[in-house]
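J.: Next up, my_file12.txt (compact mmCIF, N, CA and C atoms).
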```txt
# COMPACT_ATOMS: atom_id res chain seq x y z
N MET A 1 0.81 -1.18 0.00
CA MET A 1 0.00 0.00 0.00
C MET A 1 0.86 1.26 0.00
N ILE A 2 1.99 1.21 0.64
CA ILE A 2 2.85 2.40 0.70
C ILE A 2 3.26 2.82 -0.71
N ASN A 3 3.54 1.86 -1.60
CA ASN A 3 3.89 2.22 -2.99
C ASN A 3 2.78 3.03 -3.63
N ILE A 4 1.55 2.62 -3.46
CA ILE A 4 0.41 3.33 -4.03
C ILE A 4 0.34 4.74 -3.47
N LEU A 5 0.46 4.85 -2.16
CA LEU A 5 0.37 6.16 -1.51
C LEU A 5 1.50 7.08 -1.94
N GLN A 6 2.70 6.55 -2.09
CA GLN A 6 3.83 7.37 -2.52
C GLN A 6 3.65 7.85 -3.96
N GLN A 7 3.16 6.99 -4.84
CA GLN A 7 3.01 7.35 -6.24
C GLN A 7 1.85 8.31 -6.49
N THR A 8 0.90 8.36 -5.58
CA THR A 8 -0.30 9.19 -5.79
C THR A 8 -0.46 10.30 -4.76
N ASP A 9 0.59 10.58 -4.00
CA ASP A 9 0.51 11.57 -2.92
C ASP A 9 -0.64 11.24 -1.96
N GLY A 10 -0.80 9.98 -1.70
CA GLY A 10 -1.89 9.53 -0.83
C GLY A 10 -1.55 9.67 0.64
N ARG A 11 -2.52 9.31 1.46
CA ARG A 11 -2.33 9.39 2.92
C ARG A 11 -3.15 8.31 3.60
N PHE A 12 -2.76 7.97 4.83
CA PHE A 12 -3.54 7.01 5.59
C PHE A 12 -3.52 7.35 7.08
N VAL A 13 -4.50 6.76 7.77
CA VAL A 13 -4.61 6.91 9.22
C VAL A 13 -4.97 5.54 9.79
N ILE A 14 -4.29 5.16 10.86
CA ILE A 14 -4.64 3.96 11.62
C ILE A 14 -4.82 4.39 13.06
N ILE A 15 -5.96 4.03 13.64
CA ILE A 15 -6.22 4.30 15.05
C ILE A 15 -6.50 2.96 15.71
N SER A 16 -5.80 2.67 16.80
CA SER A 16 -6.01 1.43 17.53
C SER A 16 -5.64 1.66 18.99
N ASN A 17 -6.57 1.30 19.86
CA ASN A 17 -6.38 1.47 21.30
C ASN A 17 -6.03 2.92 21.64
N ASP A 18 -4.78 3.17 22.04
CA ASP A 18 -4.42 4.53 22.45
C ASP A 18 -3.46 5.21 21.48
N THR A 19 -3.38 4.71 20.25
CA THR A 19 -2.39 5.24 19.30
C THR A 19 -3.02 5.59 17.96
N LEU A 20 -2.58 6.70 17.39
CA LEU A 20 -2.97 7.12 16.06
C LEU A 20 -1.69 7.23 15.23
N VAL A 21 -1.65 6.55 14.09
CA VAL A 21 -0.52 6.62 13.17
C VAL A 21 -1.03 7.26 11.89
N ARG A 22 -0.30 8.25 11.41
CA ARG A 22 -0.73 8.99 10.23
C ARG A 22 0.43 9.05 9.24
N TYR A 23 0.12 8.90 7.94
CA TYR A 23 1.10 9.06 6.86
C TYR A 23 0.55 10.12 5.93
N VAL A 24 1.24 11.27 5.87
CA VAL A 24 0.82 12.39 5.03
C VAL A 24 2.08 13.03 4.44
N ASN A 25 2.04 13.35 3.16
CA ASN A 25 3.17 14.01 2.48
C ASN A 25 4.48 13.26 2.67
N GLY A 26 4.42 11.92 2.63
CA GLY A 26 5.62 11.11 2.73
C GLY A 26 6.21 10.99 4.12
N LYS A 27 5.48 11.46 5.14
CA LYS A 27 6.00 11.43 6.50
C LYS A 27 5.01 10.73 7.44
N TYR A 28 5.55 10.01 8.40
CA TYR A 28 4.75 9.35 9.42
C TYR A 28 4.71 10.21 10.67
N SER A 29 3.59 10.16 11.35
CA SER A 29 3.51 10.76 12.68
C SER A 29 2.72 9.82 13.58
N VAL A 30 3.08 9.82 14.85
CA VAL A 30 2.43 8.96 15.83
C VAL A 30 1.97 9.83 16.99
N LYS A 31 0.75 9.58 17.44
CA LYS A 31 0.20 10.36 18.55
C LYS A 31 -0.48 9.40 19.52
N LYS A 32 -0.24 9.61 20.80
CA LYS A 32 -0.94 8.86 21.85
C LYS A 32 -2.25 9.57 22.16
N LEU A 33 -3.33 8.82 22.17
CA LEU A 33 -4.63 9.38 22.45
C LEU A 33 -4.83 9.53 23.95
N VAL A 34 -5.48 10.58 24.37
CA VAL A 34 -5.75 10.81 25.79
C VAL A 34 -6.73 9.75 26.31
N GLU A 35 -7.74 9.47 25.52
CA GLU A 35 -8.74 8.46 25.88
C GLU A 35 -8.56 7.24 24.97
N PRO A 36 -8.14 6.10 25.52
CA PRO A 36 -8.02 4.89 24.68
C PRO A 36 -9.36 4.55 24.04
N TRP A 37 -9.29 4.00 22.85
CA TRP A 37 -10.49 3.67 22.10
C TRP A 37 -10.45 2.19 21.77
N LYS A 38 -11.47 1.46 22.16
CA LYS A 38 -11.52 0.02 21.92
C LYS A 38 -12.07 -0.23 20.52
N GLY A 39 -11.18 -0.36 19.59
CA GLY A 39 -11.55 -0.58 18.21
C GLY A 39 -10.38 -0.25 17.31
N VAL A 40 -10.61 -0.40 16.01
CA VAL A 40 -9.57 -0.13 15.03
C VAL A 40 -10.19 0.61 13.85
N VAL A 41 -9.49 1.63 13.38
CA VAL A 41 -9.88 2.35 12.17
C VAL A 41 -8.67 2.34 11.24
N VAL A 42 -8.89 1.93 10.00
CA VAL A 42 -7.85 2.00 8.98
C VAL A 42 -8.48 2.73 7.80
N ALA A 43 -7.91 3.85 7.42
CA ALA A 43 -8.45 4.63 6.31
C ALA A 43 -7.30 5.12 5.44
N PHE A 44 -7.49 5.05 4.13
CA PHE A 44 -6.49 5.60 3.24
C PHE A 44 -7.16 6.29 2.08
N GLU A 45 -6.43 7.22 1.48
CA GLU A 45 -6.96 8.00 0.38
C GLU A 45 -5.83 8.25 -0.61
N PHE A 46 -6.13 8.10 -1.90
CA PHE A 46 -5.16 8.44 -2.93
C PHE A 46 -5.89 9.10 -4.09
N ASP A 47 -5.13 9.83 -4.88
CA ASP A 47 -5.69 10.59 -5.99
C ASP A 47 -5.67 9.74 -7.26
N GLU A 48 -6.82 9.29 -7.69
CA GLU A 48 -6.93 8.42 -8.87
C GLU A 48 -6.38 9.10 -10.12
N ALA A 49 -6.45 10.41 -10.19
CA ALA A 49 -5.96 11.15 -11.35
C ALA A 49 -4.44 11.03 -11.51
N LYS A 50 -3.75 10.67 -10.44
CA LYS A 50 -2.29 10.54 -10.50
C LYS A 50 -1.83 9.13 -10.84
N ILE A 51 -2.77 8.24 -11.15
CA ILE A 51 -2.43 6.88 -11.55
C ILE A 51 -2.26 6.89 -13.07
N ASN A 52 -1.13 6.39 -13.55
CA ASN A 52 -0.80 6.47 -14.97
C ASN A 52 -1.22 5.25 -15.78
N PHE A 53 -2.10 4.41 -15.26
CA PHE A 53 -2.58 3.27 -16.02
C PHE A 53 -4.05 3.03 -15.71
N SER A 54 -4.67 2.12 -16.43
CA SER A 54 -6.10 1.89 -16.27
C SER A 54 -6.43 1.33 -14.88
N MET A 55 -7.68 1.46 -14.49
CA MET A 55 -8.09 0.95 -13.18
C MET A 55 -7.95 -0.57 -13.13
N ASP A 56 -8.20 -1.26 -14.25
CA ASP A 56 -8.02 -2.72 -14.28
C ASP A 56 -6.56 -3.09 -14.02
N ASP A 57 -5.62 -2.37 -14.66
CA ASP A 57 -4.20 -2.61 -14.42
C ASP A 57 -3.83 -2.30 -12.98
N PHE A 58 -4.37 -1.22 -12.44
CA PHE A 58 -4.12 -0.85 -11.06
C PHE A 58 -4.57 -1.96 -10.11
N LYS A 59 -5.78 -2.45 -10.31
CA LYS A 59 -6.29 -3.54 -9.46
C LYS A 59 -5.43 -4.79 -9.59
N ARG A 60 -5.08 -5.14 -10.80
CA ARG A 60 -4.28 -6.34 -11.05
C ARG A 60 -2.90 -6.21 -10.40
N ASN A 61 -2.26 -5.06 -10.55
CA ASN A 61 -0.90 -4.87 -10.04
C ASN A 61 -0.81 -4.68 -8.54
N TYR A 62 -1.80 -3.98 -7.96
CA TYR A 62 -1.69 -3.62 -6.55
C TYR A 62 -2.68 -4.33 -5.63
N LEU A 63 -3.86 -4.60 -6.08
CA LEU A 63 -4.86 -5.19 -5.20
C LEU A 63 -4.91 -6.71 -5.30
N TRP A 64 -4.93 -7.22 -6.49
CA TRP A 64 -5.09 -8.67 -6.67
C TRP A 64 -3.78 -9.42 -6.66
N ASN A 65 -2.67 -8.74 -6.86
CA ASN A 65 -1.37 -9.39 -6.93
C ASN A 65 -1.07 -10.18 -5.67
N ASP A 66 -1.35 -9.63 -4.50
CA ASP A 66 -1.10 -10.33 -3.23
C ASP A 66 -1.95 -11.58 -3.11
N LEU A 67 -3.18 -11.53 -3.60
CA LEU A 67 -4.06 -12.68 -3.49
C LEU A 67 -3.59 -13.84 -4.36
N GLU A 68 -3.01 -13.55 -5.51
CA GLU A 68 -2.55 -14.59 -6.40
C GLU A 68 -1.37 -15.35 -5.83
N ASP A 69 -0.59 -14.72 -4.97
CA ASP A 69 0.60 -15.36 -4.41
C ASP A 69 0.27 -16.28 -3.23
N GLU A 70 -0.92 -16.18 -2.67
CA GLU A 70 -1.29 -16.98 -1.52
C GLU A 70 -1.73 -18.37 -1.96
N GLU A 71 -1.44 -19.36 -1.09
CA GLU A 71 -1.87 -20.72 -1.37
C GLU A 71 -3.34 -20.88 -1.03
N ASP A 72 -3.99 -21.77 -1.74
CA ASP A 72 -5.39 -22.07 -1.47
C ASP A 72 -5.43 -23.19 -0.42
N PHE A 73 -6.07 -22.92 0.71
CA PHE A 73 -6.09 -23.89 1.80
C PHE A 73 -7.31 -24.80 1.77
N PHE A 74 -8.15 -24.67 0.76
CA PHE A 74 -9.37 -25.48 0.69
C PHE A 74 -9.19 -26.69 -0.18
```
Take the structure in the file and write it out as structure tokens.
T.:
Amino acid sequence: MINILQQTDGRFVIISNDTLVRYVNGKYSVKKLVEPWKGVVVAFEFDEAKINFSMDDFKRNYLWNDLEDEEDFF
């Protein structure tokens, strides 16, 4: 996912328990929350206009590529 975010000036946020991790403008920041939160949030955003290939190629290269490498356990 970091490759996608770097190529598209994207950003993400992860919140879990008492920690917030943010990636914006190529930099990470970590913040301790005053009130711990029982749950997890993972959010990311990237600019589709900055992708230089079709959405099908994007899905194949970045989203489905990991799934193809996994073994089938069934």
J.: Would you please work out which residue, of A:Gln7, A:Ser29, A:Ile15, A:Arg22, is nearest to Ile51 (chain A) when using only N, CA and C atoms?
T.: A:Gln7
J.: Just list the residues in region 13-58 of chain A DSSP gives strand (DSSP E or B) on the backbone, as a VMD selection string.
T.: chain A and resid 13 to 24 27 to 45
J.: Find the distance between CA of Arg11 (chain A) and CA of Phe58 (chain A) and write it in Å to one decimal.
T.: 17.4 Å
J.: Restricting the calculation to only C-alpha atoms, which member of A:Val40, A:Leu63, A:Ala49, A:Met55 is positioned closest to Leu20 (chain A)?
T.: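 Nearest candidate to Leu20 (chain A) out of A:Val40, A:Leu63, A:Ala49, A:Met55: A:Val40.
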J.: Leaving out Gly39 (chain A) and any residue of its chain fewer than 5 positions from it, which residues lie within 8 Å of it when counting all atoms listed in the file, given as a PyMOL selection string?
T.: chain A and resi 15-18
J.: Find the residues near Met1 (chain A): any atom within 12 Å, counting only C-alpha atoms, skip ones fewer than 3 places away on the same chain, and give them as a PDB file with N, CA and C atoms, in the frame of the given file.
T.:
```pdb
ATOM      1  N   ILE A   4       1.550   2.620  -3.460  1.00  0.00           N
ATOM      2  CA  ILE A   4       0.410   3.330  -4.030  1.00  0.00           C
ATOM      3  C   ILE A   4       0.340   4.740  -3.470  1.00  0.00           C
ATOM      4  N   LEU A   5       0.460   4.850  -2.160  1.00  0.00           N
ATOM      5  CA  LEU A   5       0.370   6.160  -1.510  1.00  0.00           C
ATOM      6  C   LEU A   5       1.500   7.080  -1.940  1.00  0.00           C
ATOM      7  N   GLN A   6       2.700   6.550  -2.090  1.00  0.00           N
ATOM      8  CA  GLN A   6       3.830   7.370  -2.520  1.00  0.00           C
ATOM      9  C   GLN A   6       3.650   7.850  -3.960  1.00  0.00           C
ATOM     10  N   GLN A   7       3.160   6.990  -4.840  1.00  0.00           N
ATOM     11  CA  GLN A   7       3.010   7.350  -6.240  1.00  0.00           C
ATOM     12  C   GLN A   7       1.850   8.310  -6.490  1.00  0.00           C
ATOM     13  N   THR A   8       0.900   8.360  -5.580  1.00  0.00           N
ATOM     14  CA  THR A   8      -0.300   9.190  -5.790  1.00  0.00           C
ATOM     15  C   THR A   8      -0.460  10.300  -4.760  1.00  0.00           C
ATOM     16  N   ASP A   9       0.590  10.580  -4.000  1.00  0.00           N
ATOM     17  CA  ASP A   9       0.510  11.570  -2.920  1.00  0.00           C
ATOM     18  C   ASP A   9      -0.640  11.240  -1.960  1.00  0.00           C
ATOM     19  N   GLY A  10      -0.800   9.980  -1.700  1.00  0.00           N
ATOM     20  CA  GLY A  10      -1.890   9.530  -0.830  1.00  0.00           C
ATOM     21  C   GLY A  10      -1.550   9.670   0.640  1.00  0.00           C
ATOM     22  N   ARG A  11      -2.520   9.310   1.460  1.00  0.00           N
ATOM     23  CA  ARG A  11      -2.330   9.390   2.920  1.00  0.00           C
ATOM     24  C   ARG A  11      -3.150   8.310   3.600  1.00  0.00           C
ATOM     25  N   PHE A  12      -2.760   7.970   4.830  1.00  0.00           N
ATOM     26  CA  PHE A  12      -3.540   7.010   5.590  1.00  0.00           C
ATOM     27  C   PHE A  12      -3.520   7.350   7.080  1.00  0.00           C
ATOM     28  N   TYR A  23       0.120   8.900   7.940  1.00  0.00           N
ATOM     29  CA  TYR A  23       1.100   9.060   6.860  1.00  0.00           C
ATOM     30  C   TYR A  23       0.550  10.120   5.930  1.00  0.00           C
ATOM     31  N   ALA A  43      -7.910   3.850   7.420  1.00  0.00           N
ATOM     32  CA  ALA A  43      -8.450   4.630   6.310  1.00  0.00           C
ATOM     33  C   ALA A  43      -7.300   5.120   5.440  1.00  0.00           C
ATOM     34  N   PHE A  44      -7.490   5.050   4.130  1.00  0.00           N
ATOM     35  CA  PHE A  44      -6.490   5.600   3.240  1.00  0.00           C
ATOM     36  C   PHE A  44      -7.160   6.290   2.080  1.00  0.00           C
ATOM     37  N   GLU A  45      -6.430   7.220   1.480  1.00  0.00           N
ATOM     38  CA  GLU A  45      -6.960   8.000   0.380  1.00  0.00           C
ATOM     39  C   GLU A  45      -5.830   8.250  -0.610  1.00  0.00           C
ATOM     40  N   PHE A  46      -6.130   8.100  -1.900  1.00  0.00           N
ATOM     41  CA  PHE A  46      -5.160   8.440  -2.930  1.00  0.00           C
ATOM     42  C   PHE A  46      -5.890   9.100  -4.090  1.00  0.00           C
ATOM     43  N   PHE A  58      -4.370  -1.220 -12.440  1.00  0.00           N
ATOM     44  CA  PHE A  58      -4.120  -0.850 -11.060  1.00  0.00           C
ATOM     45  C   PHE A  58      -4.570  -1.960 -10.110  1.00  0.00           C
ATOM     46  N   LYS A  59      -5.780  -2.450 -10.310  1.00  0.00           N
ATOM     47  CA  LYS A  59      -6.290  -3.540  -9.460  1.00  0.00           C
ATOM     48  C   LYS A  59      -5.430  -4.790  -9.590  1.00  0.00           C
ATOM     49  N   ASN A  61      -2.260  -5.060 -10.550  1.00  0.00           N
ATOM     50  CA  ASN A  61      -0.900  -4.870 -10.040  1.00  0.00           C
ATOM     51  C   ASN A  61      -0.810  -4.680  -8.540  1.00  0.00           C
ATOM     52  N   TYR A  62      -1.800  -3.980  -7.960  1.00  0.00           N
ATOM     53  CA  TYR A  62      -1.690  -3.620  -6.550  1.00  0.00           C
ATOM     54  C   TYR A  62      -2.680  -4.330  -5.630  1.00  0.00           C
ATOM     55  N   LEU A  63      -3.860  -4.600  -6.080  1.00  0.00           N
ATOM     56  CA  LEU A  63      -4.860  -5.190  -5.200  1.00  0.00           C
ATOM     57  C   LEU A  63      -4.910  -6.710  -5.300  1.00  0.00           C
ATOM     58  N   ASN A  65      -2.670  -8.740  -6.860  1.00  0.00           N
ATOM     59  CA  ASN A  65      -1.370  -9.390  -6.930  1.00  0.00           C
ATOM     60  C   ASN A  65      -1.070 -10.180  -5.670  1.00  0.00           C
ATOM     61  N   ASP A  66      -1.350  -9.630  -4.500  1.00  0.00           N
ATOM     62  CA  ASP A  66      -1.100 -10.330  -3.230  1.00  0.00           C
ATOM     63  C   ASP A  66      -1.950 -11.580  -3.110  1.00  0.00           C
TER      64      ASP A  66
END
```
J.: Only N, CA and C atoms, as an mmCIF file, in the first residue's frame: that is what I want for region 10-54 of chain A.
T.:
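Generated file (out_16.cif):
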```
data_model
loop_
_atom_site.group_PDB
_atom_site.id
_atom_site.type_symbol
_atom_site.label_atom_id
_atom_site.label_comp_id
_atom_site.auth_asym_id
_atom_site.auth_seq_id
_atom_site.Cartn_x
_atom_site.Cartn_y
_atom_site.Cartn_z
ATOM 1 N N GLY A 10 -0.802 9.975 -1.700
ATOM 2 C CA GLY A 10 -1.887 9.525 -0.830
ATOM 3 C C GLY A 10 -1.550 9.669 0.639
ATOM 4 N N ARG A 11 -2.515 9.307 1.463
ATOM 5 C CA ARG A 11 -2.330 9.391 2.915
ATOM 6 C C ARG A 11 -3.154 8.306 3.602
ATOM 7 N N PHE A 12 -2.761 7.969 4.834
ATOM 8 C CA PHE A 12 -3.541 7.005 5.594
ATOM 9 C C PHE A 12 -3.523 7.346 7.076
ATOM 10 N N VAL A 13 -4.500 6.763 7.769
ATOM 11 C CA VAL A 13 -4.613 6.905 9.219
ATOM 12 C C VAL A 13 -4.968 5.536 9.787
ATOM 13 N N ILE A 14 -4.292 5.165 10.859
ATOM 14 C CA ILE A 14 -4.637 3.961 11.618
ATOM 15 C C ILE A 14 -4.817 4.392 13.062
ATOM 16 N N ILE A 15 -5.955 4.027 13.640
ATOM 17 C CA ILE A 15 -6.217 4.300 15.051
ATOM 18 C C ILE A 15 -6.503 2.965 15.711
ATOM 19 N N SER A 16 -5.800 2.675 16.796
ATOM 20 C CA SER A 16 -6.009 1.432 17.527
ATOM 21 C C SER A 16 -5.643 1.662 18.987
ATOM 22 N N ASN A 17 -6.570 1.302 19.860
ATOM 23 C CA ASN A 17 -6.380 1.473 21.301
ATOM 24 C C ASN A 17 -6.026 2.923 21.636
ATOM 25 N N ASP A 18 -4.784 3.171 22.040
ATOM 26 C CA ASP A 18 -4.424 4.530 22.455
ATOM 27 C C ASP A 18 -3.456 5.207 21.485
ATOM 28 N N THR A 19 -3.379 4.711 20.247
ATOM 29 C CA THR A 19 -2.393 5.239 19.303
ATOM 30 C C THR A 19 -3.018 5.586 17.965
ATOM 31 N N LEU A 20 -2.582 6.700 17.389
ATOM 32 C CA LEU A 20 -2.969 7.122 16.058
ATOM 33 C C LEU A 20 -1.691 7.233 15.232
ATOM 34 N N VAL A 21 -1.651 6.545 14.088
ATOM 35 C CA VAL A 21 -0.518 6.617 13.169
ATOM 36 C C VAL A 21 -1.028 7.257 11.888
ATOM 37 N N ARG A 22 -0.304 8.253 11.413
ATOM 38 C CA ARG A 22 -0.734 8.988 10.226
ATOM 39 C C ARG A 22 0.433 9.052 9.238
ATOM 40 N N TYR A 23 0.121 8.896 7.941
ATOM 41 C CA TYR A 23 1.098 9.059 6.863
ATOM 42 C C TYR A 23 0.551 10.124 5.932
ATOM 43 N N VAL A 24 1.238 11.268 5.867
ATOM 44 C CA VAL A 24 0.820 12.390 5.027
ATOM 45 C C VAL A 24 2.080 13.028 4.439
ATOM 46 N N ASN A 25 2.041 13.347 3.159
ATOM 47 C CA ASN A 25 3.167 14.008 2.484
ATOM 48 C C ASN A 25 4.480 13.259 2.669
ATOM 49 N N GLY A 26 4.417 11.920 2.633
ATOM 50 C CA GLY A 26 5.624 11.105 2.733
ATOM 51 C C GLY A 26 6.214 10.993 4.121
ATOM 52 N N LYS A 27 5.478 11.460 5.138
ATOM 53 C CA LYS A 27 5.997 11.432 6.505
ATOM 54 C C LYS A 27 5.011 10.731 7.436
ATOM 55 N N TYR A 28 5.549 10.009 8.400
ATOM 56 C CA TYR A 28 4.752 9.348 9.420
ATOM 57 C C TYR A 28 4.712 10.207 10.673
ATOM 58 N N SER A 29 3.588 10.156 11.353
ATOM 59 C CA SER A 29 3.510 10.762 12.679
ATOM 60 C C SER A 29 2.722 9.820 13.575
ATOM 61 N N VAL A 30 3.077 9.824 14.846
ATOM 62 C CA VAL A 30 2.428 8.956 15.834
ATOM 63 C C VAL A 30 1.971 9.828 16.988
ATOM 64 N N LYS A 31 0.750 9.582 17.437
ATOM 65 C CA LYS A 31 0.202 10.355 18.548
ATOM 66 C C LYS A 31 -0.484 9.401 19.523
ATOM 67 N N LYS A 32 -0.237 9.606 20.804
ATOM 68 C CA LYS A 32 -0.937 8.859 21.850
ATOM 69 C C LYS A 32 -2.249 9.567 22.155
ATOM 70 N N LEU A 33 -3.329 8.820 22.165
ATOM 71 C CA LEU A 33 -4.634 9.385 22.454
ATOM 72 C C LEU A 33 -4.827 9.529 23.954
ATOM 73 N N VAL A 34 -5.478 10.583 24.373
ATOM 74 C CA VAL A 34 -5.750 10.806 25.793
ATOM 75 C C VAL A 34 -6.728 9.750 26.307
ATOM 76 N N GLU A 35 -7.739 9.470 25.524
ATOM 77 C CA GLU A 35 -8.740 8.462 25.875
ATOM 78 C C GLU A 35 -8.562 7.244 24.968
ATOM 79 N N PRO A 36 -8.137 6.098 25.516
ATOM 80 C CA PRO A 36 -8.018 4.894 24.685
ATOM 81 C C PRO A 36 -9.360 4.555 24.038
ATOM 82 N N TRP A 37 -9.294 4.002 22.851
ATOM 83 C CA TRP A 37 -10.492 3.670 22.103
ATOM 84 C C TRP A 37 -10.453 2.189 21.768
ATOM 85 N N LYS A 38 -11.468 1.462 22.162
ATOM 86 C CA LYS A 38 -11.516 0.018 21.918
ATOM 87 C C LYS A 38 -12.070 -0.232 20.524
ATOM 88 N N GLY A 39 -11.176 -0.356 19.591
ATOM 89 C CA GLY A 39 -11.553 -0.583 18.209
ATOM 90 C C GLY A 39 -10.383 -0.247 17.306
ATOM 91 N N VAL A 40 -10.607 -0.403 16.014
ATOM 92 C CA VAL A 40 -9.567 -0.126 15.033
ATOM 93 C C VAL A 40 -10.190 0.614 13.854
ATOM 94 N N VAL A 41 -9.487 1.632 13.382
ATOM 95 C CA VAL A 41 -9.877 2.349 12.167
ATOM 96 C C VAL A 41 -8.667 2.336 11.243
ATOM 97 N N VAL A 42 -8.885 1.928 10.004
ATOM 98 C CA VAL A 42 -7.852 2.003 8.979
ATOM 99 C C VAL A 42 -8.480 2.725 7.797
ATOM 100 N N ALA A 43 -7.913 3.853 7.422
ATOM 101 C CA ALA A 43 -8.452 4.629 6.306
ATOM 102 C C ALA A 43 -7.299 5.117 5.444
ATOM 103 N N PHE A 44 -7.492 5.048 4.134
ATOM 104 C CA PHE A 44 -6.485 5.600 3.243
ATOM 105 C C PHE A 44 -7.160 6.288 2.076
ATOM 106 N N GLU A 45 -6.431 7.217 1.479
ATOM 107 C CA GLU A 45 -6.957 8.002 0.376
ATOM 108 C C GLU A 45 -5.826 8.253 -0.614
ATOM 109 N N PHE A 46 -6.131 8.103 -1.902
ATOM 110 C CA PHE A 46 -5.163 8.440 -2.930
ATOM 111 C C PHE A 46 -5.890 9.096 -4.090
ATOM 112 N N ASP A 47 -5.131 9.829 -4.881
ATOM 113 C CA ASP A 47 -5.690 10.590 -5.992
ATOM 114 C C ASP A 47 -5.671 9.738 -7.257
ATOM 115 N N GLU A 48 -6.824 9.290 -7.690
ATOM 116 C CA GLU A 48 -6.929 8.420 -8.866
ATOM 117 C C GLU A 48 -6.377 9.099 -10.118
ATOM 118 N N ALA A 49 -6.449 10.409 -10.186
ATOM 119 C CA ALA A 49 -5.961 11.151 -11.350
ATOM 120 C C ALA A 49 -4.444 11.026 -11.507
ATOM 121 N N LYS A 50 -3.748 10.666 -10.437
ATOM 122 C CA LYS A 50 -2.288 10.543 -10.498
ATOM 123 C C LYS A 50 -1.833 9.129 -10.842
ATOM 124 N N ILE A 51 -2.769 8.236 -11.146
ATOM 125 C CA ILE A 51 -2.431 6.879 -11.555
ATOM 126 C C ILE A 51 -2.265 6.887 -13.070
ATOM 127 N N ASN A 52 -1.128 6.390 -13.545
ATOM 128 C CA ASN A 52 -0.802 6.475 -14.968
ATOM 129 C C ASN A 52 -1.217 5.250 -15.778
ATOM 130 N N PHE A 53 -2.097 4.413 -15.263
ATOM 131 C CA PHE A 53 -2.578 3.268 -16.020
ATOM 132 C C PHE A 53 -4.047 3.033 -15.705
ATOM 133 N N SER A 54 -4.668 2.118 -16.426
ATOM 134 C CA SER A 54 -6.104 1.889 -16.271
ATOM 135 C C SER A 54 -6.426 1.331 -14.884
#
```
